[in-house]
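Engineer: File follows, final-v4.pdb with PDB, N, CA and C atoms:
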ATOM      1  N   MET B 291     102.324  79.398 126.841
ATOM      2  CA  MET B 291     101.821  79.423 125.481
ATOM      3  C   MET B 291     100.622  80.354 125.360
ATOM      4  N   THR B 292      99.711  80.311 126.342
ATOM      5  CA  THR B 292      98.528  81.162 126.298
ATOM      6  C   THR B 292      98.904  82.637 126.325
ATOM      7  N   SER B 293      99.893  83.013 127.144
ATOM      8  CA  SER B 293     100.275  84.423 127.226
ATOM      9  C   SER B 293     100.819  84.923 125.894
ATOM     10  N   GLN B 294     101.527  84.077 125.133
ATOM     11  CA  GLN B 294     102.040  84.485 123.836
ATOM     12  C   GLN B 294     100.886  84.724 122.856
ATOM     13  N   ILE B 295      99.875  83.881 122.872
ATOM     14  CA  ILE B 295      98.704  84.063 122.004
ATOM     15  C   ILE B 295      97.972  85.338 122.382
ATOM     16  N   GLU B 296      97.793  85.581 123.675
ATOM     17  CA  GLU B 296      97.120  86.800 124.121
ATOM     18  C   GLU B 296      97.908  88.034 123.699
ATOM     19  N   ASN B 297      99.238  88.009 123.820
ATOM     20  CA  ASN B 297     100.063  89.142 123.418
ATOM     21  C   ASN B 297      99.930  89.408 121.923
ATOM     22  N   ASN B 298      99.915  88.361 121.108
ATOM     23  CA  ASN B 298      99.759  88.538 119.669
ATOM     24  C   ASN B 298      98.401  89.107 119.313
ATOM     25  N   ALA B 299      97.360  88.729 120.043
ATOM     26  CA  ALA B 299      96.009  89.232 119.769
ATOM     27  C   ALA B 299      95.897  90.718 120.077
ATOM     28  N   ASN B 300      96.713  91.225 120.994
ATOM     29  CA  ASN B 300      96.660  92.629 121.373
ATOM     30  C   ASN B 300      97.493  93.518 120.458
ATOM     31  N   GLN B 301      98.298  92.934 119.582
ATOM     32  CA  GLN B 301      99.144  93.711 118.690
ATOM     33  C   GLN B 301      98.375  94.089 117.438
ATOM     34  N   HIS B 302      98.654  95.273 116.932
ATOM     35  CA  HIS B 302      98.067  95.727 115.673
ATOM     36  C   HIS B 302      99.043  95.393 114.558
ATOM     37  N   GLU B 303      98.499  94.995 113.429
ATOM     38  CA  GLU B 303      99.364  94.881 112.263
ATOM     39  C   GLU B 303      99.521  96.281 111.674
ATOM     40  N   THR B 304     100.539  96.475 110.882
ATOM     41  CA  THR B 304     100.752  97.754 110.215
ATOM     42  C   THR B 304     100.507  97.560 108.727
ATOM     43  N   VAL B 305      99.721  98.461 108.136
ATOM     44  CA  VAL B 305      99.440  98.405 106.707
ATOM     45  C   VAL B 305      99.867  99.717 106.065
ATOM     46  N   SER B 306     100.140  99.661 104.766
ATOM     47  CA  SER B 306     100.461 100.864 103.999
ATOM     48  C   SER B 306      99.195 101.362 103.323
ATOM     49  N   ILE B 307      98.900 102.654 103.512
ATOM     50  CA  ILE B 307      97.726 103.280 102.889
ATOM     51  C   ILE B 307      98.180 104.558 102.201
ATOM     52  N   HIS B 308      97.305 105.158 101.417
ATOM     53  CA  HIS B 308      97.661 106.352 100.652
ATOM     54  C   HIS B 308      96.647 107.467 100.905
ATOM     55  N   PHE B 309      97.168 108.653 101.122
ATOM     56  CA  PHE B 309      96.371 109.883 101.175
ATOM     57  C   PHE B 309      96.770 110.654  99.933
ATOM     58  N   GLY B 310      95.911 110.634  98.913
ATOM     59  CA  GLY B 310      96.322 111.176  97.630
ATOM     60  C   GLY B 310      97.467 110.328  97.119
ATOM     61  N   LYS B 311      98.607 110.941  96.831
ATOM     62  CA  LYS B 311      99.775 110.194  96.353
ATOM     63  C   LYS B 311     100.788 109.934  97.456
ATOM     64  N   VAL B 312     100.448 110.305  98.693
ATOM     65  CA  VAL B 312     101.372 110.165  99.818
ATOM     66  C   VAL B 312     101.108 108.838 100.536
ATOM     67  N   LYS B 313     102.144 108.009 100.631
ATOM     68  CA  LYS B 313     102.039 106.716 101.299
ATOM     69  C   LYS B 313     102.331 106.884 102.786
ATOM     70  N   LYS B 314     101.490 106.274 103.618
ATOM     71  CA  LYS B 314     101.662 106.310 105.072
ATOM     72  C   LYS B 314     101.464 104.909 105.616
ATOM     73  N   ASP B 315     102.064 104.632 106.748
ATOM     74  CA  ASP B 315     101.836 103.377 107.456
ATOM     75  C   ASP B 315     100.900 103.643 108.621
ATOM     76  N   SER B 316      99.955 102.724 108.814
ATOM     77  CA  SER B 316      98.970 102.888 109.868
ATOM     78  C   SER B 316      98.755 101.564 110.593
ATOM     79  N   PRO B 317      98.506 101.640 111.902
ATOM     80  CA  PRO B 317      98.092 100.418 112.591
ATOM     81  C   PRO B 317      96.717  99.995 112.080
ATOM     82  N   ASN B 318      96.457  98.710 112.114
ATOM     83  CA  ASN B 318      95.163  98.186 111.678
ATOM     84  C   ASN B 318      94.674  97.193 112.717
ATOM     85  N   PRO B 319      93.469  97.412 113.258
ATOM     86  CA  PRO B 319      92.534  98.482 112.913
ATOM     87  C   PRO B 319      92.959  99.813 113.515
ATOM     88  N   THR B 320      92.263 100.868 113.092
ATOM     89  CA  THR B 320      92.513 102.213 113.609
ATOM     90  C   THR B 320      91.171 102.895 113.802
ATOM     91  N   THR B 321      91.187 104.179 114.084
ATOM     92  CA  THR B 321      89.931 104.928 114.219
ATOM     93  C   THR B 321      89.858 105.987 113.119
ATOM     94  N   GLY B 322      88.649 106.455 112.856
ATOM     95  CA  GLY B 322      88.489 107.542 111.895
ATOM     96  C   GLY B 322      89.280 108.761 112.321
ATOM     97  N   GLN B 323      89.222 109.081 113.602
ATOM     98  CA  GLN B 323      89.949 110.234 114.135
ATOM     99  C   GLN B 323      91.447 110.116 113.875
ATOM    100  N   SER B 324      91.991 108.925 114.064
ATOM    101  CA  SER B 324      93.419 108.706 113.823
ATOM    102  C   SER B 324      93.769 108.885 112.348
ATOM    103  N   LEU B 325      92.872 108.493 111.444
ATOM    104  CA  LEU B 325      93.123 108.673 110.012
ATOM    105  C   LEU B 325      93.153 110.146 109.635
ATOM    106  N   TYR B 326      92.262 110.952 110.220
ATOM    107  CA  TYR B 326      92.284 112.398 109.963
ATOM    108  C   TYR B 326      93.625 112.986 110.409
ATOM    109  N   ILE B 327      94.101 112.553 111.567
ATOM    110  CA  ILE B 327      95.379 113.061 112.081
ATOM    111  C   ILE B 327      96.533 112.596 111.194
ATOM    112  N   LEU B 328      96.555 111.306 110.864
ATOM    113  CA  LEU B 328      97.635 110.754 110.043
ATOM    114  C   LEU B 328      97.698 111.434 108.674
ATOM    115  N   GLY B 329      96.533 111.724 108.098
ATOM    116  CA  GLY B 329      96.488 112.352 106.782
ATOM    117  C   GLY B 329      96.603 113.861 106.815
ATOM    118  N   GLY B 330      96.633 114.459 108.016
ATOM    119  CA  GLY B 330      96.717 115.923 108.131
ATOM    120  C   GLY B 330      95.464 116.599 107.603
ATOM    121  N   ILE B 331      94.301 115.981 107.829
ATOM    122  CA  ILE B 331      93.027 116.489 107.312
ATOM    123  C   ILE B 331      92.374 117.384 108.367
ATOM    124  N   ASP B 332      92.091 118.646 108.009
ATOM    125  CA  ASP B 332      91.376 119.571 108.889
ATOM    126  C   ASP B 332      89.888 119.232 108.830
ATOM    127  N   SER B 333      89.393 118.588 109.871
ATOM    128  CA  SER B 333      88.007 118.113 109.877
ATOM    129  C   SER B 333      86.977 119.231 109.961
ATOM    130  N   ASN B 334      87.417 120.458 110.218
ATOM    131  CA  ASN B 334      86.474 121.583 110.236
ATOM    132  C   ASN B 334      86.000 121.935 108.823
ATOM    133  N   THR B 335      86.860 121.725 107.832
ATOM    134  CA  THR B 335      86.502 122.122 106.467
ATOM    135  C   THR B 335      86.563 120.973 105.457
ATOM    136  N   TRP B 336      87.096 119.817 105.859
ATOM    137  CA  TRP B 336      87.266 118.706 104.929
ATOM    138  C   TRP B 336      86.669 117.419 105.485
ATOM    139  N   ASP B 337      86.143 116.595 104.585
ATOM    140  CA  ASP B 337      85.716 115.233 104.903
ATOM    141  C   ASP B 337      86.728 114.274 104.301
ATOM    142  N   LEU B 338      86.892 113.131 104.928
ATOM    143  CA  LEU B 338      87.813 112.111 104.443
ATOM    144  C   LEU B 338      87.002 110.947 103.884
ATOM    145  N   PHE B 339      87.423 110.447 102.717
ATOM    146  CA  PHE B 339      86.748 109.333 102.066
ATOM    147  C   PHE B 339      87.752 108.237 101.742
ATOM    148  N   ARG B 340      87.266 106.985 101.786
ATOM    149  CA  ARG B 340      88.048 105.846 101.302
ATOM    150  C   ARG B 340      87.514 105.489  99.923
ATOM    151  N   GLU B 341      88.426 105.382  98.953
ATOM    152  CA  GLU B 341      88.034 104.992  97.604
ATOM    153  C   GLU B 341      87.604 103.530  97.610
ATOM    154  N   LEU B 342      86.439 103.274  97.002
ATOM    155  CA  LEU B 342      85.951 101.908  96.847
ATOM    156  C   LEU B 342      86.006 101.549  95.375
ATOM    157  N   HIS B 343      86.273 100.305  95.082
ATOM    158  CA  HIS B 343      86.487  99.898  93.698
ATOM    159  C   HIS B 343      85.243  99.299  93.044
ATOM    160  N   ASP B 344      84.101  99.405  93.697
ATOM    161  CA  ASP B 344      82.878  98.936  93.060
ATOM    162  C   ASP B 344      82.076 100.136  92.568
ATOM    163  N   LYS B 345      80.858  99.924  92.143
ATOM    164  CA  LYS B 345      80.074 101.008  91.552
ATOM    165  C   LYS B 345      79.373 101.888  92.583
ATOM    166  N   GLY B 346      79.507 101.589  93.857
ATOM    167  CA  GLY B 346      78.866 102.388  94.892
ATOM    168  C   GLY B 346      79.649 103.644  95.209
ATOM    169  N   ASP B 347      79.075 104.460  96.096
ATOM    170  CA  ASP B 347      79.758 105.663  96.548
ATOM    171  C   ASP B 347      80.971 105.289  97.388
ATOM    172  N   ASP B 348      81.970 106.175  97.388
ATOM    173  CA  ASP B 348      83.117 105.987  98.260
ATOM    174  C   ASP B 348      82.662 106.123  99.704
ATOM    175  N   GLU B 349      83.438 105.599 100.629
ATOM    176  CA  GLU B 349      83.059 105.543 102.038
ATOM    177  C   GLU B 349      83.508 106.791 102.787
ATOM    178  N   LEU B 350      82.543 107.507 103.385
ATOM    179  CA  LEU B 350      82.856 108.648 104.244
ATOM    180  C   LEU B 350      83.419 108.117 105.550
ATOM    181  N   ILE B 351      84.570 108.634 105.941
ATOM    182  CA  ILE B 351      85.208 108.240 107.204
ATOM    183  C   ILE B 351      84.849 109.278 108.259
ATOM    184  N   PRO B 352      84.149 108.858 109.320
ATOM    185  CA  PRO B 352      83.788 109.826 110.365
ATOM    186  C   PRO B 352      85.012 110.202 111.202
ATOM    187  N   ASN B 353      85.056 111.440 111.632
ATOM    188  CA  ASN B 353      86.158 111.908 112.483
ATOM    189  C   ASN B 353      85.780 111.652 113.942
ATOM    190  N   ASP B 354      85.795 110.382 114.318
ATOM    191  CA  ASP B 354      85.455 110.003 115.684
ATOM    192  C   ASP B 354      86.159 108.694 116.026
ATOM    193  N   THR B 355      85.705 108.020 117.048
ATOM    194  CA  THR B 355      86.376 106.810 117.523
ATOM    195  C   THR B 355      85.840 105.532 116.861
ATOM    196  N   THR B 356      85.095 105.678 115.777
ATOM    197  CA  THR B 356      84.630 104.505 115.031
ATOM    198  C   THR B 356      85.837 103.685 114.583
ATOM    199  N   ILE B 357      85.788 102.387 114.800
ATOM    200  CA  ILE B 357      86.880 101.496 114.398
ATOM    201  C   ILE B 357      86.822 101.293 112.886
ATOM    202  N   ILE B 358      87.960 101.499 112.233
ATOM    203  CA  ILE B 358      88.083 101.350 110.786
ATOM    204  C   ILE B 358      89.045 100.197 110.504
ATOM    205  N   GLN B 359      88.564  99.193 109.784
ATOM    206  CA  GLN B 359      89.411  98.084 109.340
ATOM    207  C   GLN B 359      90.050  98.490 108.017
ATOM    208  N   LEU B 360      91.360  98.438 107.967
ATOM    209  CA  LEU B 360      92.093  98.849 106.767
ATOM    210  C   LEU B 360      92.566  97.638 105.988
ATOM    211  N   LYS B 361      92.817  97.873 104.707
ATOM    212  CA  LYS B 361      93.459  96.880 103.852
ATOM    213  C   LYS B 361      94.718  97.514 103.301
ATOM    214  N   ASN B 362      95.756  96.711 103.176
ATOM    215  CA  ASN B 362      97.001  97.196 102.606
ATOM    216  C   ASN B 362      96.714  97.798 101.230
ATOM    217  N   GLY B 363      97.150  99.048 101.009
ATOM    218  CA  GLY B 363      96.951  99.705  99.722
ATOM    219  C   GLY B 363      95.695 100.549  99.641
ATOM    220  N   ASP B 364      94.893 100.639 100.718
ATOM    221  CA  ASP B 364      93.703 101.505 100.697
ATOM    222  C   ASP B 364      94.096 102.924 100.302
ATOM    223  N   HIS B 365      93.208 103.575  99.546
ATOM    224  CA  HIS B 365      93.420 104.956  99.121
ATOM    225  C   HIS B 365      92.353 105.848  99.741
ATOM    226  N   PHE B 366      92.795 106.997 100.268
ATOM    227  CA  PHE B 366      91.910 107.971 100.894
ATOM    228  C   PHE B 366      92.095 109.324 100.221
ATOM    229  N   TYR B 367      91.043 110.114 100.215
ATOM    230  CA  TYR B 367      91.118 111.481  99.692
ATOM    231  C   TYR B 367      90.206 112.365 100.518
ATOM    232  N   SER B 368      90.448 113.662 100.457
ATOM    233  CA  SER B 368      89.618 114.614 101.186
ATOM    234  C   SER B 368      88.827 115.464 100.199
ATOM    235  N   SER B 369      87.688 115.945 100.674
ATOM    236  CA  SER B 369      86.826 116.807  99.877
ATOM    237  C   SER B 369      86.241 117.867 100.798
ATOM    238  N   GLN B 370      86.095 119.073 100.275
ATOM    239  CA  GLN B 370      85.525 120.139 101.100
ATOM    240  C   GLN B 370      84.128 119.750 101.559
ATOM    241  N   LYS B 371      83.829 120.072 102.827
ATOM    242  CA  LYS B 371      82.511 119.780 103.378
ATOM    243  C   LYS B 371      81.423 120.521 102.620
ATOM    244  N   GLN B 372      81.644 121.785 102.374
ATOM    245  CA  GLN B 372      80.650 122.599 101.684
ATOM    246  C   GLN B 372      81.319 123.294 100.519
ATOM    247  N   LEU B 373      80.800 123.042  99.348
ATOM    248  CA  LEU B 373      81.322 123.718  98.170
ATOM    249  C   LEU B 373      80.528 124.984  97.948
ATOM    250  N   ASN B 374      81.219 126.061  97.662
ATOM    251  CA  ASN B 374      80.581 127.343  97.398
ATOM    252  C   ASN B 374      80.988 127.777  95.998
ATOM    253  N   PRO B 375      80.123 127.503  95.006
ATOM    254  CA  PRO B 375      80.514 127.835  93.640
ATOM    255  C   PRO B 375      80.554 129.324  93.356
ATOM    256  N   GLY B 376      80.169 130.130  94.328
ATOM    257  CA  GLY B 376      80.212 131.576  94.141
ATOM    258  C   GLY B 376      78.886 132.139  93.693
ATOM    259  N   SER B 377      78.813 133.404  93.695
ATOM    260  CA  SER B 377      77.595 134.098  93.281
ATOM    261  C   SER B 377      77.569 134.227  91.768
ATOM    262  N   LEU B 378      76.392 134.019  91.204
ATOM    263  CA  LEU B 378      76.253 134.158  89.754
ATOM    264  C   LEU B 378      76.312 135.628  89.323
ATOM    265  N   GLY B 379      75.897 136.519  90.195
ATOM    266  CA  GLY B 379      76.018 137.965  89.955
ATOM    267  C   GLY B 379      75.186 138.496  88.788
ATOM    268  N   TYR B 380      74.033 137.878  88.505
ATOM    269  CA  TYR B 380      73.202 138.368  87.387
ATOM    270  C   TYR B 380      72.402 139.557  87.800
TER     271      TYR B 380
END
Can the structure in the file be given as structure tokens, please?
Structural biologist:
Amino acid sequence: MTSQIENNANQHETVSIHFGKVKKDSPNPTTGQSLYILGGIDSNTWDLFRELHDKGDDELIPNDTTIIQLKNGDHFYSSQKQLNPGSLGY
């Protein structure tokens, strides 16, 4: 009986999450690095964020081994690291 409980504790559940309008399945928990890979996010030029439904800022997901707890239906989006609005040219 104990071995069955231990085996279940080592298993990850799978949740459905969204990158923009694209639905993906991910193990939960996962890492920030794994989310960048799953979403096809180039971490050299883009940051990944999780949409939050309260009045605070959305959550920046680090591209590293930080453990990320997911919820079924979480939404993620990417944003350029540095925006360059261009030269005004006056």
Engineer: Run the PyMOL selection byres (((chain B and resi 316 and name CA) around 12) and name CA) on the file and write out the hits as number ranges by chain.
Structural biologist: B: 302-309, 313-315, 317-322, 324-329, 358-364
Engineer: Tell me which residues the PyMOL selection byres ((chain B and resi 349) around 5) grabs here, as a PyMOL selection string.
Structural biologist: chain B and resi 339-340+347-348+350-351
Engineer: Distance CA of Ser368 in chain B-CA of Ser333 in chain B, one decimal place?
Structural biologist: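 Here the two named atoms are 9.5 Å from each other.
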Engineer: How far is it from atom N of Asp344 in chain B to atom C of His365 in chain B, in Å with one decimal?
Structural biologist: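 These atoms are spaced 12.1 Å apart.
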Engineer: Could you work out how far CA of Ser369 in chain B lies from CA of Asn334 in chain B, giving the answer in Å with one decimal?
Structural biologist: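 Here the two named atoms are 11.4 Å from each other.
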Engineer: From the set B:Gln372, B:His343, B:Ile357, B:Gly310, which residue has the shortest atom-to-atom contact distance to Gly330 in chain B, counting only C-alpha atoms?
Structural biologist: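 Looking at the shortest contact to Gly330 in chain B, the residue is B:Gly310.
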